file my_file37.txt (compact mmCIF, C-alpha atoms)
# COMPACT_ATOMS: atom_id res chain seq x y z
CA MET A 1370 37.05 -85.36 108.82
CA LYS A 1371 35.48 -85.11 112.29
CA ILE A 1372 36.23 -87.84 114.85
CA SER A 1373 33.85 -88.57 117.72
CA ILE A 1374 35.01 -90.74 120.63
CA VAL A 1375 32.46 -92.85 122.52
CA ILE A 1376 33.25 -94.43 125.91
CA PRO A 1377 30.70 -96.77 127.57
CA VAL A 1378 31.17 -96.62 131.36
CA TYR A 1379 30.02 -98.81 134.24
CA ASN A 1380 31.75 -98.28 137.62
CA GLU A 1381 35.03 -97.05 136.15
CA ALA A 1382 36.07 -94.53 138.82
CA ASP A 1383 39.53 -96.07 139.13
CA ARG A 1384 40.32 -95.87 135.38
CA LEU A 1385 38.28 -93.12 133.76
CA ALA A 1386 40.45 -90.14 134.71
CA ASP A 1387 43.53 -91.69 133.08
CA CYS A 1388 41.49 -92.35 129.95
CA LEU A 1389 40.18 -88.79 129.74
CA ASN A 1390 43.54 -87.23 130.61
CA ALA A 1391 45.06 -89.06 127.64
CA ILE A 1392 42.30 -87.70 125.37
CA ALA A 1393 42.99 -84.19 126.66
CA ALA A 1394 46.65 -84.65 125.68
CA LEU A 1395 46.00 -85.75 122.08
CA LYS A 1396 47.88 -83.76 119.45
CA VAL A 1397 44.66 -83.36 117.47
CA ALA A 1398 41.52 -82.87 119.53
CA PRO A 1399 38.50 -85.01 118.67
CA HIS A 1400 35.31 -83.40 117.42
CA GLU A 1401 33.53 -84.62 120.58
CA VAL A 1402 33.93 -87.06 123.46
CA ILE A 1403 30.80 -88.88 124.61
CA VAL A 1404 30.82 -90.78 127.91
CA VAL A 1405 27.78 -93.00 128.38
CA ASP A 1406 27.16 -93.82 132.04
CA ASN A 1407 25.43 -97.18 132.33
CA ASN A 1408 23.97 -97.04 135.87
CA SER A 1409 27.29 -96.65 137.68
CA THR A 1410 27.08 -96.82 141.48
CA ASP A 1411 30.46 -95.12 141.99
CA VAL A 1412 31.64 -91.61 141.05
CA SER A 1413 32.28 -92.34 137.36
CA ALA A 1414 29.72 -89.76 136.22
CA GLN A 1415 31.14 -87.09 138.52
CA ILE A 1416 34.64 -87.73 137.15
CA ALA A 1417 33.38 -87.35 133.56
CA GLN A 1418 31.72 -84.05 134.48
CA CYS A 1419 35.08 -82.63 135.55
CA TYR A 1420 36.20 -82.55 131.90
CA PRO A 1421 34.63 -79.67 129.94
CA PHE A 1422 35.10 -81.44 126.60
CA VAL A 1423 33.00 -84.45 127.70
CA LYS A 1424 29.35 -84.85 126.82
CA LEU A 1425 27.84 -87.13 129.49
CA LEU A 1426 24.86 -89.30 128.58
CA ASN A 1427 22.94 -91.85 130.64
CA GLU A 1428 21.69 -95.24 129.47
CA LYS A 1429 19.33 -97.02 131.87
CA ARG A 1430 19.22 -100.31 129.95
CA GLN A 1431 22.00 -102.34 131.53
CA GLY A 1432 24.75 -103.61 129.27
CA VAL A 1433 27.66 -102.32 127.22
CA VAL A 1434 25.74 -103.03 124.02
CA HIS A 1435 23.06 -100.51 125.03
CA ALA A 1436 25.58 -97.92 126.21
CA ARG A 1437 27.50 -98.33 122.95
CA THR A 1438 24.37 -97.84 120.88
CA THR A 1439 23.31 -94.73 122.80
CA GLY A 1440 26.74 -93.19 122.34
CA PHE A 1441 26.99 -94.07 118.65
CA ASN A 1442 23.51 -92.72 117.94
CA ALA A 1443 24.41 -89.42 119.62
CA ALA A 1444 27.73 -89.04 117.79
CA THR A 1445 27.87 -86.41 115.05
CA GLY A 1446 31.38 -86.97 113.70
CA ASP A 1447 32.17 -88.52 110.32
CA ILE A 1448 34.05 -91.30 112.15
CA ILE A 1449 33.05 -92.79 115.51
CA GLY A 1450 35.96 -93.92 117.64
CA ARG A 1451 35.09 -96.49 120.29
CA ILE A 1452 37.30 -97.16 123.30
CA ASP A 1453 36.88 -98.54 126.82
CA ALA A 1454 37.28 -96.60 130.06
CA ASP A 1455 40.59 -98.39 130.70
CA THR A 1456 41.98 -97.38 127.28
CA VAL A 1457 44.81 -94.83 127.25
CA LEU A 1458 45.20 -93.38 123.77
CA PRO A 1459 48.60 -92.32 122.39
CA GLU A 1460 48.88 -88.68 121.38
CA ASN A 1461 48.80 -89.47 117.63
CA TRP A 1462 45.65 -91.63 117.72
CA ILE A 1463 43.31 -89.14 116.03
CA GLY A 1464 45.85 -88.50 113.28
CA LYS A 1465 46.24 -92.22 112.65
CA VAL A 1466 42.46 -92.70 112.44
CA LYS A 1467 42.19 -89.89 109.90
CA GLU A 1468 45.03 -91.40 107.89
CA LEU A 1469 43.34 -94.81 107.79
CA PHE A 1470 39.92 -93.45 106.81
CA ALA A 1471 41.42 -91.51 103.93
CA ASP A 1472 40.75 -94.89 102.29
CA LYS A 1473 37.14 -94.29 101.22
CA THR A 1474 36.50 -98.04 101.01
CA LEU A 1475 37.23 -98.59 104.71
CA SER A 1476 34.15 -99.03 106.88
CA ALA A 1477 35.68 -99.94 110.24
CA VAL A 1478 39.05 -100.72 111.78
CA SER A 1479 40.46 -101.96 115.05
CA GLY A 1480 44.07 -101.92 116.15
CA SER A 1481 46.65 -103.48 118.40
CA ALA A 1482 47.25 -103.29 122.14
CA HIS A 1483 49.91 -102.34 124.62
CA TYR A 1484 49.04 -103.88 128.00
CA TYR A 1485 50.21 -101.26 130.48
CA ASP A 1486 49.42 -102.92 133.82
CA ILE A 1487 51.03 -106.34 133.63
CA ALA A 1488 54.57 -107.57 134.23
CA LEU A 1489 56.55 -108.55 131.11
CA SER A 1490 54.25 -106.36 129.02
CA ASP A 1491 56.60 -106.44 126.01
CA LEU A 1492 56.23 -110.22 125.84
CA VAL A 1493 52.47 -110.03 126.36
CA ASP A 1494 52.17 -107.40 123.61
CA TYR A 1495 54.27 -109.49 121.22
CA VAL A 1496 52.16 -112.62 121.70
CA ASP A 1497 48.91 -110.66 121.54
CA LEU A 1498 49.90 -108.98 118.28
CA GLY A 1499 50.88 -112.31 116.73
CA LEU A 1500 47.53 -113.83 117.66
CA ARG A 1501 45.60 -110.85 116.28
CA ARG A 1502 47.52 -110.93 113.00
CA TRP A 1503 46.97 -114.67 112.61
CA LEU A 1504 43.27 -114.51 113.47
CA SER A 1505 42.62 -111.56 111.17
CA ALA A 1506 44.27 -113.39 108.27
CA LYS A 1507 42.24 -116.54 108.91
CA LEU A 1508 38.91 -114.79 109.37
CA ALA A 1509 39.32 -112.91 106.07
CA ASN A 1510 35.88 -111.46 105.22
CA ASP A 1511 34.57 -112.32 108.70
CA ASN A 1512 37.06 -110.07 110.46
CA PHE A 1513 36.69 -108.96 114.07
CA LEU A 1514 36.34 -105.53 115.64
CA TRP A 1515 37.77 -104.83 119.10
CA GLY A 1516 35.89 -102.30 121.17
CA ALA A 1517 38.83 -101.06 123.25
CA ASN A 1518 40.51 -99.56 120.17
CA MET A 1519 38.34 -99.20 117.08
CA ALA A 1520 36.65 -96.74 114.76
CA VAL A 1521 33.74 -96.99 112.34
CA ARG A 1522 32.42 -94.72 109.63
CA ARG A 1523 29.23 -93.11 110.97
CA SER A 1524 27.35 -93.55 107.69
CA ASP A 1525 28.02 -97.30 107.86
CA TRP A 1526 26.90 -97.44 111.49
CA LEU A 1527 23.62 -95.83 110.49
CA SER A 1528 23.15 -98.37 107.70
CA VAL A 1529 23.32 -101.43 110.00
CA LYS A 1530 22.37 -100.27 113.50
CA HIS A 1531 18.78 -101.54 113.26
CA GLU A 1532 20.02 -105.07 112.48
CA LEU A 1533 22.45 -105.47 115.37
CA CYS A 1534 22.07 -108.11 118.06
CA SER A 1535 21.56 -107.02 121.67
CA SER A 1536 21.37 -110.35 123.49
CA SER A 1537 23.67 -111.28 126.36
CA HIS A 1538 26.73 -113.47 125.91
CA ILE A 1539 27.83 -112.07 122.59
CA HIS A 1540 30.53 -109.51 121.85
CA GLU A 1541 28.77 -106.41 120.55
CA ASP A 1542 31.92 -105.22 118.81
CA PHE A 1543 32.32 -108.54 116.94
CA ASP A 1544 28.63 -108.42 116.09
CA LEU A 1545 28.93 -104.94 114.57
CA GLY A 1546 31.85 -106.03 112.41
CA LEU A 1547 29.98 -109.08 111.14
CA HIS A 1548 26.88 -107.09 110.21
CA LEU A 1549 29.01 -104.56 108.33
CA GLN A 1550 30.78 -107.31 106.40
CA ALA A 1551 27.48 -109.02 105.61
CA HIS A 1552 26.72 -105.85 103.63
CA GLY A 1553 30.03 -106.04 101.81
CA LYS A 1554 31.73 -103.38 103.94
CA LYS A 1555 35.49 -103.42 104.52
CA VAL A 1556 36.54 -104.18 108.11
CA GLU A 1557 40.22 -104.54 108.89
CA PHE A 1558 42.74 -105.05 111.63
CA ASN A 1559 45.59 -102.53 111.46
CA PRO A 1560 48.49 -103.11 113.87
CA ASN A 1561 49.63 -99.49 113.49
CA LEU A 1562 46.55 -98.21 115.30
CA ILE A 1563 47.88 -98.76 118.81
CA ALA A 1564 46.24 -98.07 122.18
CA SER A 1565 47.25 -98.91 125.74
CA VAL A 1566 44.74 -101.08 127.59
CA SER A 1567 44.39 -102.90 130.89
CA SER A 1568 44.89 -106.63 131.41
CA ARG A 1569 42.19 -106.62 134.09
CA ARG A 1570 39.90 -109.07 132.31
CA ILE A 1571 42.19 -111.83 133.50
CA ASN A 1572 41.51 -110.82 137.11
CA THR A 1573 38.67 -113.26 137.67
CA GLY A 1574 38.20 -116.93 138.46
CA PHE A 1575 39.18 -119.39 135.75
CA ARG A 1576 35.62 -120.56 135.10
CA SER A 1577 34.45 -116.98 134.63
CA TYR A 1578 37.44 -116.25 132.38
CA LEU A 1579 36.73 -119.41 130.37
CA ASN A 1580 33.10 -118.42 129.88
CA TYR A 1581 34.11 -114.90 128.85
CA THR A 1582 36.59 -116.07 126.22
CA LEU A 1583 34.10 -118.55 124.76
CA VAL A 1584 31.80 -115.64 123.92
CA SER A 1585 34.05 -114.93 120.91
CA PRO A 1586 33.29 -118.11 118.94
CA ARG A 1587 29.72 -118.08 120.27
CA THR A 1588 29.18 -114.69 118.63
CA TYR A 1589 30.33 -116.12 115.30
CA THR A 1590 28.27 -119.31 115.56
CA SER A 1591 25.20 -117.17 116.35
CA HIS A 1592 25.72 -115.82 112.81
CA ASN A 1593 26.14 -119.37 111.45
CA LEU A 1594 29.78 -118.71 110.59
CA LYS A 1595 32.11 -121.70 110.50
CA SER A 1596 35.07 -119.32 110.76
CA SER A 1597 34.51 -119.51 114.53
CA ARG A 1598 36.81 -122.55 114.47
CA TYR A 1599 39.82 -120.29 113.96
CA MET A 1600 39.27 -118.77 117.38
CA TYR A 1601 39.95 -121.96 119.31
CA PRO A 1602 43.74 -122.03 118.74
CA VAL A 1603 43.86 -118.42 119.99
CA LEU A 1604 41.68 -119.26 122.98
CA THR A 1605 43.87 -122.25 123.82
CA VAL A 1606 46.85 -119.90 124.13
CA CYS A 1607 44.75 -117.61 126.35
CA TRP A 1608 43.70 -120.50 128.60
CA LEU A 1609 47.27 -121.79 128.95
CA ALA A 1610 48.43 -118.29 129.79
CA TYR A 1611 45.70 -117.68 132.37
CA PHE A 1612 47.52 -118.69 135.57
CA PRO A 1613 50.91 -117.09 134.81
CA GLY A 1614 49.06 -114.11 133.34
CA ARG A 1615 46.99 -113.58 136.45
CA VAL A 1616 50.11 -113.71 138.62
CA ALA A 1617 51.81 -111.20 136.30
CA TYR A 1618 48.79 -108.91 136.54
CA LYS A 1619 47.97 -109.15 140.24
CA GLY A 1620 51.55 -108.87 141.45
CA TYR A 1621 52.44 -105.88 139.30
CA ASN A 1622 51.99 -102.24 140.25
CA HIS A 1623 51.97 -100.30 136.98
CA LYS A 1624 52.19 -96.96 138.79
CA THR A 1625 55.57 -97.85 140.30
CA GLY A 1626 56.66 -100.43 137.71
CA SER A 1627 57.36 -102.97 140.46
CA PHE A 1628 56.31 -106.55 141.21
CA SER A 1629 55.79 -107.78 144.76
CA LEU A 1630 54.31 -110.71 146.64
CA THR A 1631 52.42 -108.24 148.83
CA GLN A 1632 50.70 -106.89 145.74
CA LEU A 1633 50.07 -110.41 144.46
CA PHE A 1634 48.16 -111.54 147.54
CA ALA A 1635 46.31 -108.29 148.16
CA VAL A 1636 42.53 -108.50 147.92
CA SER A 1637 41.29 -106.91 144.72
CA GLY A 1638 37.88 -106.34 143.21
CA ILE A 1639 36.57 -108.72 140.55
CA ARG A 1640 35.28 -107.28 137.30
CA ILE A 1641 31.74 -108.09 136.17
CA ASP A 1642 31.65 -110.02 132.91
CA PRO A 1643 30.55 -107.32 130.42
CA THR A 1644 28.84 -109.89 128.18
CA ALA A 1645 26.56 -111.03 131.00
CA ASN A 1646 25.79 -107.57 132.43
CA ILE A 1647 22.84 -107.05 130.11
CA ALA A 1648 19.16 -106.53 130.89

call {"tool": "encode", "arguments": {"input": "my_file37.txt", "output": "structure tokens"}}
result
Amino acid sequence: MKISIVIPVYNEADRLADCLNAIAALKVAPHEVIVVDNNSTDVSAQIAQCYPFVKLLNEKRQGVVHARTTGFNAATGDIIGRIDADTVLPENWIGKVKELFADKTLSAVSGSAHYYDIALSDLVDYVDLGLRRWLSAKLANDNFLWGANMAVRRSDWLSVKHELCSSSHIHEDFDLGLHLQAHGKKVEFNPNLIASVSSRRINTGFRSYLNYTLVSPRTYTSHNLKSSRYMYPVLTVCWLAYFPGRVAYKGYNHKTGSFSLTQLFAVSGIRIDPTANIA
């Protein structure tokens, strides 16, 4: 069973090396690693080129949905793993993916998160896992996929790729999962497929964060799915946690494992909403 890994990239110079170093340290090497540069204006592409196992592609159409599609179409493995440039994979990730896809009925899977760059990460991880478990159980046959830590059978990708939505303000990973399930394919959340990810999406103004989180139910309602209602209790927890969460993120230095007021009030760059960065 060959595993491809696809990483869409837009201005990820500060995160990409950690992501690729973790892939280099995997116990089982992937079949291929495809980095899709989506018009980066920093040195992301140059960083990717420093790793001999990386195949670097370019996608001129702006938006993670287009970069994802280019990478998936180029992949030649039996299973396509999809992660973000801020994902740091544990050394057993490939082995776990192979173990899960030994189930021939499984079409796609996404896993749980360890948030590595926020204070009180154990608490954050615990709450996050509880919310994912609850939401997965409620969504049932309308389950979600999460693009920072997921994998899909390539044959199933090929069967639905021409149907997928590419408009702005939807989650392309959710959309893929819904199209697969509309064809009766099995999509599941498995908490044992763990990856470390950044909490950086909280590092934005509240209105922007609110709009970003509302993309989740909007993706479901665009498919006329009433199961979108189950997302609002989860989003309410996210909204209530926004202000303490942003303090815990901004004031924490994950390289040193320390929290400081100096770090908290330092000027930091704001991430572009990936659901709106589409042309």

call {"tool": "closest_residue", "arguments": {"input": "my_file37.txt", "among": "A:Asn1580, A:Thr1456, A:Ser1627, A:Gln1415", "to": "Ser1567 (chain A)", "atoms": "only C-alpha atoms"}}
result
A:Thr1456

call {"tool": "residues_around", "arguments": {"input": "my_file37.txt", "residues": "region 1553-1559 of chain A", "least_positions_apart": "6", "cutoff": "7 Å", "atoms": "all atoms listed in the file", "output": "PDB file with C-alpha atoms, in the coordinates of the input"}}
result
ATOM      1  CA  THR A1474      36.500 -98.040 101.010  1.00  0.00           C
ATOM      2  CA  LEU A1475      37.230 -98.590 104.710  1.00  0.00           C
ATOM      3  CA  SER A1476      34.150 -99.030 106.880  1.00  0.00           C
ATOM      4  CA  ALA A1477      35.680 -99.940 110.240  1.00  0.00           C
ATOM      5  CA  VAL A1478      39.050-100.720 111.780  1.00  0.00           C
ATOM      6  CA  SER A1479      40.460-101.960 115.050  1.00  0.00           C
ATOM      7  CA  GLY A1480      44.070-101.920 116.150  1.00  0.00           C
ATOM      8  CA  SER A1505      42.620-111.560 111.170  1.00  0.00           C
ATOM      9  CA  ASN A1512      37.060-110.070 110.460  1.00  0.00           C
ATOM     10  CA  GLY A1546      31.850-106.030 112.410  1.00  0.00           C
TER      11      GLY A1546
END

call {"tool": "atom_distance", "arguments": {"input": "my_file37.txt", "atom1": "CA of Asn1593 (chain A)", "atom2": "CA of Arg1576 (chain A)"}}
result
25.5 Å

call {"tool": "closest_residue", "arguments": {"input": "my_file37.txt", "among": "A:Cys1534, A:Ile1452, A:Ala1382, A:Val1457", "to": "Trp1515 (chain A)", "atoms": "only C-alpha atoms"}}
result
A:Ile1452

call {"tool": "closest_residue", "arguments": {"input": "my_file37.txt", "among": "A:Leu1426, A:Ala1391, A:Leu1549, A:Ala1635", "to": "Trp1526 (chain A)", "atoms": "only C-alpha atoms"}}
result
A:Leu1549

call {"tool": "closest_residue", "arguments": {"input": "my_file37.txt", "among": "A:Tyr1589, A:Tyr1379, A:Trp1462, A:Phe1470", "to": "Gly1432 (chain A)", "atoms": "all atoms listed in the file"}}
result
A:Tyr1379

call {"tool": "atom_distance", "arguments": {"input": "my_file37.txt", "atom1": "CA of Arg1451 (chain A)", "atom2": "CA of Ile1563 (chain A)"}}
result
13.1 Å

call {"tool": "residues_around", "arguments": {"input": "my_file37.txt", "residues": "Ala1645 (chain A)", "least_positions_apart": "6", "cutoff": "10 Å", "atoms": "only C-alpha atoms", "output": "ChimeraX atom specification"}}
result
/A:1431-1433,1536-1539,1580-1581,1584

call {"tool": "residues_near_point", "arguments": {"input": "my_file37.txt", "point": "(40.1, -99.6, 136.5)", "cutoff": "10 Å", "atoms": "only C-alpha atoms", "output": "PyMOL selection string"}}
result
chain A and resi 1380-1388+1454-1456+1567-1569+1638+1640

call {"tool": "closest_residue", "arguments": {"input": "my_file37.txt", "among": "A:Tyr1420, A:Phe1634, A:Trp1608, A:Tyr1601", "to": "Tyr1621 (chain A)", "atoms": "all atoms listed in the file"}}
result
A:Phe1634

call {"tool": "residues_around", "arguments": {"input": "my_file37.txt", "residues": "Glu1532 (chain A)", "least_positions_apart": "6", "cutoff": "10 Å", "atoms": "all atoms listed in the file", "output": "count of residues only"}}
result
4

call {"tool": "atom_distance", "arguments": {"input": "my_file37.txt", "atom1": "CA of Leu1504 (chain A)", "atom2": "CA of Ser1577 (chain A)"}}
result
23.1 Å

call {"tool": "closest_residue", "arguments": {"input": "my_file37.txt", "among": "A:His1592, A:Asn1427, A:Ile1374, A:Met1600", "to": "Ala1517 (chain A)", "atoms": "only C-alpha atoms"}}
result
A:Ile1374

call {"tool": "residues_around", "arguments": {"input": "my_file37.txt", "residues": "Leu1425 (chain A)", "least_positions_apart": "5", "cutoff": "7 Å", "atoms": "all atoms listed in the file", "output": "list in words"}}
result
Ile1403, Val1404, Val1405 and Ala1417 of chain A

call {"tool": "write_last_selection", "arguments": {"input": "my_file37.txt", "atoms": "C-alpha atoms", "output": "short mmCIF file (atom, residue, chain, number, x, y, z; two decimals), keeping the file's coordinate frame"}}
result
data_model
loop_
_atom_site.label_atom_id
_atom_site.label_comp_id
_atom_site.auth_asym_id
_atom_site.auth_seq_id
_atom_site.Cartn_x
_atom_site.Cartn_y
_atom_site.Cartn_z
CA ILE A 1403 30.80 -88.88 124.61
CA VAL A 1404 30.82 -90.78 127.91
CA VAL A 1405 27.78 -93.00 128.38
CA ALA A 1417 33.38 -87.35 133.56
#
